[in-house]
$ cat my_file.txt   # compact mmCIF, C-alpha atoms and all ligand atoms
# COMPACT_ATOMS: atom_id res chain seq x y z
CA MET A 416 21.38 -4.17 -1.82
CA PRO A 417 17.73 -3.39 -1.20
CA VAL A 418 17.07 0.10 0.13
CA LEU A 419 16.16 0.65 3.74
CA LEU A 420 12.84 2.41 4.20
CA ASN A 421 12.47 4.35 7.43
CA GLY A 422 8.99 5.22 8.57
CA SER A 423 7.14 6.65 11.52
CA CYS A 424 3.76 7.79 12.70
CA ARG A 425 2.92 11.47 13.19
CA CYS A 426 3.42 11.53 16.97
CA GLY A 427 6.68 9.59 16.88
CA GLY A 428 5.39 6.85 19.16
CA VAL A 429 6.02 4.25 16.49
CA SER A 430 8.95 4.08 14.11
CA PHE A 431 9.99 1.26 11.84
CA GLU A 432 12.33 0.22 9.10
CA ALA A 433 12.22 -2.43 6.41
CA ALA A 434 14.38 -3.31 3.42
CA SER A 435 12.80 -3.01 0.00
CA HIS A 436 13.55 -4.00 -3.60
CA THR A 437 10.40 -2.14 -4.64
CA PRO A 438 10.39 1.38 -3.16
CA ALA A 439 8.66 3.30 -5.96
CA PRO A 440 5.33 4.82 -4.91
CA PHE A 441 3.64 3.99 -8.19
CA MET A 442 0.42 2.20 -7.23
CA LEU A 443 -2.52 4.33 -6.18
CA CYS A 444 -5.40 2.40 -4.65
CA TYR A 445 -8.79 4.09 -4.61
CA CYS A 446 -10.68 1.37 -2.70
CA SER A 447 -12.94 2.41 0.15
CA ILE A 448 -10.67 0.92 2.81
CA CYS A 449 -7.57 2.77 1.61
CA ARG A 450 -9.51 5.98 1.14
CA LYS A 451 -11.20 5.92 4.53
CA GLN A 452 -8.31 4.66 6.57
CA GLN A 453 -5.43 6.40 4.96
CA GLY A 454 -6.09 8.23 1.69
CA GLY A 455 -7.34 11.75 2.26
CA GLY A 456 -6.75 12.57 -1.41
CA GLY A 457 -8.94 9.66 -2.44
CA TYR A 458 -6.29 6.97 -2.62
CA ALA A 459 -3.46 5.35 -0.70
CA ILE A 460 -0.06 4.19 -1.92
CA ASN A 461 1.34 0.89 -0.66
CA LEU A 462 4.99 0.01 -1.09
CA GLY A 463 6.50 -3.45 -0.94
CA ALA A 464 9.20 -4.45 1.56
CA LEU A 465 10.63 -7.64 3.03
CA SER A 466 8.75 -8.66 6.16
CA ALA A 467 11.77 -10.52 7.58
CA THR A 468 13.61 -7.19 7.76
CA LEU A 469 10.85 -5.24 9.51
CA LYS A 470 12.03 -3.69 12.77
CA VAL A 471 9.59 -1.75 14.92
CA LYS A 472 9.99 0.64 17.87
CA GLY A 473 6.88 1.35 19.91
CA LYS A 474 5.13 -1.94 19.23
CA ASN A 475 2.85 -1.43 22.23
CA ARG A 476 1.31 1.59 20.49
CA ILE A 477 0.30 -0.36 17.41
CA GLY A 478 -3.29 -1.22 16.67
CA ILE A 479 -4.36 -3.63 13.95
CA TYR A 480 -7.43 -3.16 11.81
CA ARG A 481 -8.88 -5.94 9.65
CA ALA A 482 -11.56 -4.55 7.39
CA GLU A 483 -14.85 -6.27 6.73
CA ILE A 484 -15.58 -6.20 3.04
CA GLN A 485 -18.88 -6.58 1.26
CA ASP A 486 -19.10 -5.41 -2.33
CA ASP A 487 -19.78 -6.59 -5.89
CA GLU A 488 -16.72 -8.83 -5.77
CA ARG A 489 -17.59 -10.25 -2.34
CA PRO A 490 -21.35 -10.29 -1.98
CA ARG A 491 -21.06 -12.03 1.38
CA CYS A 492 -19.30 -10.02 4.04
CA GLU A 493 -15.72 -11.19 4.52
CA ARG A 494 -13.09 -10.11 6.96
CA SER A 495 -9.93 -9.07 5.14
CA THR A 496 -6.84 -11.15 5.89
CA GLY A 497 -4.86 -7.92 5.52
CA GLU A 498 -3.73 -6.49 8.85
CA ARG A 499 -3.58 -2.70 8.68
CA ASN A 500 -1.18 -1.52 11.34
CA PHE A 501 -1.69 1.96 12.75
CA CYS A 502 -0.58 4.07 15.71
CA LYS A 503 -3.15 4.00 18.50
CA SER A 504 -1.94 7.37 19.78
CA CYS A 505 -2.14 9.50 16.64
CA GLY A 506 -4.01 7.35 14.14
CA SER A 507 -1.32 7.28 11.44
CA ALA A 508 -1.60 4.29 9.13
CA LEU A 509 1.78 2.54 8.99
CA TRP A 510 1.78 -0.66 6.98
CA LEU A 511 -0.29 -3.55 5.80
CA TYR A 512 0.74 -7.12 6.47
CA ASP A 513 -1.16 -10.03 4.99
CA PRO A 514 -0.29 -13.55 6.20
CA THR A 515 -1.44 -14.82 2.80
CA TRP A 516 1.85 -13.34 1.48
CA PRO A 517 4.04 -13.71 4.56
CA ASP A 518 7.32 -12.67 2.90
CA LEU A 519 6.08 -9.13 2.24
CA VAL A 520 5.02 -6.13 4.23
CA HIS A 521 3.43 -3.10 2.60
CA PRO A 522 4.36 0.20 4.22
CA PHE A 523 2.11 3.12 3.33
CA ALA A 524 4.18 5.65 1.41
CA SER A 525 2.64 8.36 3.61
CA ALA A 526 4.41 6.90 6.66
CA ILE A 527 7.85 6.79 5.06
CA ASP A 528 10.43 9.43 5.99
CA SER A 529 13.16 8.23 3.60
CA GLU A 530 13.40 9.67 0.12
CA LEU A 531 11.47 7.55 -2.38
CA PRO A 532 12.26 7.26 -6.09
CA ALA A 533 9.77 9.13 -8.27
CA PRO A 534 7.99 6.73 -10.64
CA LYS A 535 7.82 7.87 -14.28
CA GLN A 536 4.52 6.09 -14.73
CA ARG A 537 1.89 5.08 -12.24
CA VAL A 538 -0.88 2.53 -11.85
CA HIS A 539 -4.34 3.48 -10.63
CA ILE A 540 -6.28 0.56 -9.18
CA MET A 541 -9.73 -0.15 -7.76
CA LEU A 542 -11.16 2.79 -9.69
CA LYS A 543 -14.54 1.07 -9.61
CA TYR A 544 -14.67 1.95 -5.92
CA LYS A 545 -13.33 5.48 -6.01
CA ALA A 546 -15.40 8.26 -4.50
CA SER A 547 -17.35 10.28 -7.06
CA TRP A 548 -15.55 13.50 -6.13
CA VAL A 549 -12.11 12.01 -6.79
CA GLU A 550 -10.63 12.93 -10.17
CA PRO A 551 -7.68 10.60 -10.76
CA ASN A 552 -4.67 12.43 -12.13
CA VAL A 553 -3.95 9.96 -14.94
CA ARG A 554 -0.84 11.01 -16.80
CA LYS A 555 0.69 9.79 -20.06
CA GLY A 556 2.00 6.26 -19.56
CA ASP A 557 -0.17 5.57 -16.50
CA ARG A 558 -2.30 2.43 -16.43
CA THR A 559 -5.79 2.26 -14.96
CA PHE A 560 -7.76 -0.68 -13.59
CA ASP A 561 -11.30 -1.09 -12.31
CA LEU A 562 -9.98 -3.68 -9.85
CA TYR A 563 -6.50 -5.17 -9.44
CA PRO A 564 -3.85 -5.44 -12.18
CA GLU A 565 -2.27 -8.77 -13.06
CA GLU A 566 1.20 -7.34 -12.66
CA SER A 567 2.70 -7.55 -9.19
CA ILE A 568 4.56 -4.74 -7.45
CA ALA A 569 7.79 -6.68 -8.06
CA ASP A 570 7.07 -7.23 -11.77
CA TRP A 571 6.22 -3.58 -12.25
CA HIS A 572 9.59 -2.57 -10.77
CA LYS A 573 11.42 -5.04 -13.01
CA ARG A 574 9.59 -3.90 -16.16
CA THR A 575 10.22 -0.22 -15.46
CA ARG A 576 13.82 -0.86 -14.35
CA MET A 577 13.13 0.50 -10.89
CA TRP A 578 13.85 -2.80 -9.11
CA VAL A 579 16.59 -2.34 -6.52
CA ALA A 580 18.61 -5.56 -6.62
ZN ZN B 1 1.56 8.06 16.66

$ encode --input "my_file.txt" --output "structure tokens"
Amino acid sequence: MPVLLNGSCRCGGVSFEAASHTPAPFMLCYCSICRKQQGGGGYAINLGALSATLKVKGKNRIGIYRAEIQDDERPRCERSTGERNFCKSCGSALWLYDPTWPDLVHPFASAIDSELPAPKQRVHIMLKYKASWVEPNVRKGDRTFDLYPEESIADWHKRTRMWVA
């Protein structure tokens, strides 16, 4: 059985749950969107869960942010297809949903109240776009990427035996 992730915003106006095969908070994203919107320490951590199982209380408090992106990879400004859901009352970032991958929803680990399994190794991504003051805490066994890794969140969990069947 996949694990049930319970999450909420800071003010309690929004709470949600979603089932996940991939609950390990292993992937740290240092991109400017994650950092500005959600990652006070210089990065954000997205989990993977099954969008069909997402249940939300307080839907009327949810705002959706779609970032505009213009960088080396996208020289012409593009609007991200990713929908970053947040609480309009307190500002907490809750999850990302991208209709390009409709089966998944990506709760931010910071919004999760359930216990999460501690990953033995981590992946640091989008380091090309990290802020200069951020010193990634890269430990033995961690992998680092300037942009995105080839390996999916699901494949990482299977390789490291952290997949919850
Ligand atoms: Zn709130």

$ residues_near_ligand --input "my_file.txt" --ligand "ligand ZN 1 (chain B)" --cutoff "8 Å" --atoms "all atoms listed in the file" --output "PyMOL selection string"
chain A and resi 423-429+476+501-507

$ atom_distance --input "my_file.txt" --atom1 "CA of Gly455 (chain A)" --atom2 "CA of Pro517 (chain A)"
28.0 Å

$ atom_distance --input "my_file.txt" --atom1 "CA of Ser466 (chain A)" --atom2 "CA of Pro532 (chain A)"
20.4 Å

$ atom_distance --input "my_file.txt" --atom1 "CA of Asp528 (chain A)" --atom2 "CA of Trp578 (chain A)"
19.7 Å

$ residues_around --input "my_file.txt" --residues "region 545-554 of chain A" --least-positions-apart "3" --cutoff "9 Å" --atoms "only C-alpha atoms" --output "NGL selection string"
:A and (444-447 or 450 or 456-458 or 536-539 or 541-542 or 557-559)

$ closest_residue --input "my_file.txt" --among "A:Pro522, A:Gly454, A:Pro564, A:Pro490" --to "Ala434 (chain A)" --atoms "only C-alpha atoms"
A:Pro522

$ residues_around --input "my_file.txt" --residues "Leu420 (chain A)" --least-positions-apart "3" --cutoff "9 Å" --atoms "only C-alpha atoms" --output "number ranges by chain"
A: 431-435, 438, 464, 522, 527-531

$ closest_residue --input "my_file.txt" --among "A:Met442, A:Ile479, A:Ile460, A:Ala524" --to "Tyr512 (chain A)" --atoms "all atoms listed in the file"
A:Ile479

$ residues_around --input "my_file.txt" --residues "Ala569 (chain A)" --least-positions-apart "4" --cutoff "9 Å" --atoms "only C-alpha atoms" --output "PDB file with C-alpha atoms, in the coordinates of the input"
ATOM      1  CA  HIS A 436      13.550  -4.000  -3.600  1.00  0.00           C
ATOM      2  CA  THR A 437      10.400  -2.140  -4.640  1.00  0.00           C
ATOM      3  CA  GLY A 463       6.500  -3.450  -0.940  1.00  0.00           C
ATOM      4  CA  LYS A 573      11.420  -5.040 -13.010  1.00  0.00           C
ATOM      5  CA  ARG A 574       9.590  -3.900 -16.160  1.00  0.00           C
ATOM      6  CA  TRP A 578      13.850  -2.800  -9.110  1.00  0.00           C
TER       7      TRP A 578
END

$ residues_around --input "my_file.txt" --residues "Glu483 (chain A)" --least-positions-apart "2" --cutoff "7 Å" --atoms "only C-alpha atoms" --output "list of chain:residue names"
A:Arg481, A:Gln485, A:Cys492, A:Glu493, A:Arg494, A:Ser495

$ closest_residue --input "my_file.txt" --among "A:Trp571, A:Glu488, A:Met577, A:Thr496" --to "Val418 (chain A)" --atoms "only C-alpha atoms"
A:Met577

$ closest_residue --input "my_file.txt" --among "A:Ala482, A:Cys449, A:Ala508, A:Leu419" --to "Lys470 (chain A)" --atoms "all atoms listed in the file"
A:Leu419

$ closest_residue --input "my_file.txt" --among "A:Asn461, A:Ala439, A:Thr468, A:Ile540" --to "Arg576 (chain A)" --atoms "only C-alpha atoms"
A:Ala439

$ closest_residue --input "my_file.txt" --among "A:Ala580, A:Gly497, A:Pro440, A:Lys535" --to "Thr515 (chain A)" --atoms "all atoms listed in the file"
A:Gly497

$ decode --input "my_file.txt" --residues "region 492-548 of chain A" --atoms "C-alpha atoms" --output "mmCIF file, in the first residue's frame"
data_model
loop_
_atom_site.group_PDB
_atom_site.id
_atom_site.type_symbol
_atom_site.label_atom_id
_atom_site.label_comp_id
_atom_site.auth_asym_id
_atom_site.auth_seq_id
_atom_site.Cartn_x
_atom_site.Cartn_y
_atom_site.Cartn_z
ATOM 1 C CA CYS A 492 10.057 33.877 -21.798
ATOM 2 C CA GLU A 493 7.747 30.919 -21.220
ATOM 3 C CA ARG A 494 4.982 30.407 -18.741
ATOM 4 C CA SER A 495 5.545 27.235 -16.746
ATOM 5 C CA THR A 496 2.901 24.542 -17.145
ATOM 6 C CA GLY A 497 3.511 23.722 -13.476
ATOM 7 C CA GLU A 498 0.743 24.974 -11.201
ATOM 8 C CA ARG A 499 2.153 25.887 -7.798
ATOM 9 C CA ASN A 500 -0.665 25.704 -5.296
ATOM 10 C CA PHE A 501 -0.420 27.877 -2.199
ATOM 11 C CA CYS A 502 -2.629 29.158 0.615
ATOM 12 C CA LYS A 503 -3.911 32.654 -0.116
ATOM 13 C CA SER A 504 -4.308 33.343 3.606
ATOM 14 C CA CYS A 505 -0.847 32.494 4.914
ATOM 15 C CA GLY A 506 1.275 32.045 1.806
ATOM 16 C CA SER A 507 2.392 28.469 2.484
ATOM 17 C CA ALA A 508 3.391 26.600 -0.659
ATOM 18 C CA LEU A 509 1.483 23.310 -0.779
ATOM 19 C CA TRP A 510 2.053 21.309 -3.938
ATOM 20 C CA LEU A 511 2.897 21.503 -7.588
ATOM 21 C CA TYR A 512 0.651 19.975 -10.213
ATOM 22 C CA ASP A 513 1.670 19.857 -13.849
ATOM 23 C CA PRO A 514 -0.943 18.759 -16.416
ATOM 24 C CA THR A 515 1.950 17.523 -18.569
ATOM 25 C CA TRP A 516 2.193 14.638 -16.041
ATOM 26 C CA PRO A 517 -1.435 14.385 -14.948
ATOM 27 C CA ASP A 518 -1.048 11.209 -12.868
ATOM 28 C CA LEU A 519 1.264 12.892 -10.361
ATOM 29 C CA VAL A 520 1.090 15.672 -7.840
ATOM 30 C CA HIS A 521 4.181 16.988 -6.082
ATOM 31 C CA PRO A 522 3.587 18.060 -2.492
ATOM 32 C CA PHE A 523 6.294 20.254 -1.011
ATOM 33 C CA ALA A 524 7.929 18.349 1.828
ATOM 34 C CA SER A 525 7.672 21.527 3.917
ATOM 35 C CA ALA A 526 3.861 21.277 3.862
ATOM 36 C CA ILE A 527 3.732 17.650 4.999
ATOM 37 C CA ASP A 528 2.792 16.853 8.595
ATOM 38 C CA SER A 529 3.236 13.067 8.327
ATOM 39 C CA GLU A 530 6.562 11.486 9.173
ATOM 40 C CA LEU A 531 8.715 11.098 6.065
ATOM 41 C CA PRO A 532 11.396 8.443 5.570
ATOM 42 C CA ALA A 533 14.920 9.848 5.814
ATOM 43 C CA PRO A 534 16.815 9.324 2.546
ATOM 44 C CA LYS A 535 20.325 7.892 2.916
ATOM 45 C CA GLN A 536 21.461 9.777 -0.156
ATOM 46 C CA ARG A 537 20.123 12.878 -1.800
ATOM 47 C CA VAL A 538 20.061 14.547 -5.197
ATOM 48 C CA HIS A 539 20.826 18.234 -5.651
ATOM 49 C CA ILE A 540 19.394 19.681 -8.855
ATOM 50 C CA MET A 541 19.397 22.974 -10.751
ATOM 51 C CA LEU A 542 22.643 23.974 -9.049
ATOM 52 C CA LYS A 543 23.384 26.212 -12.020
ATOM 53 C CA TYR A 544 20.660 28.502 -10.716
ATOM 54 C CA LYS A 545 21.406 28.425 -7.016
ATOM 55 C CA ALA A 546 21.981 31.692 -5.196
ATOM 56 C CA SER A 547 25.653 32.512 -4.648
ATOM 57 C CA TRP A 548 25.241 32.509 -0.859
#
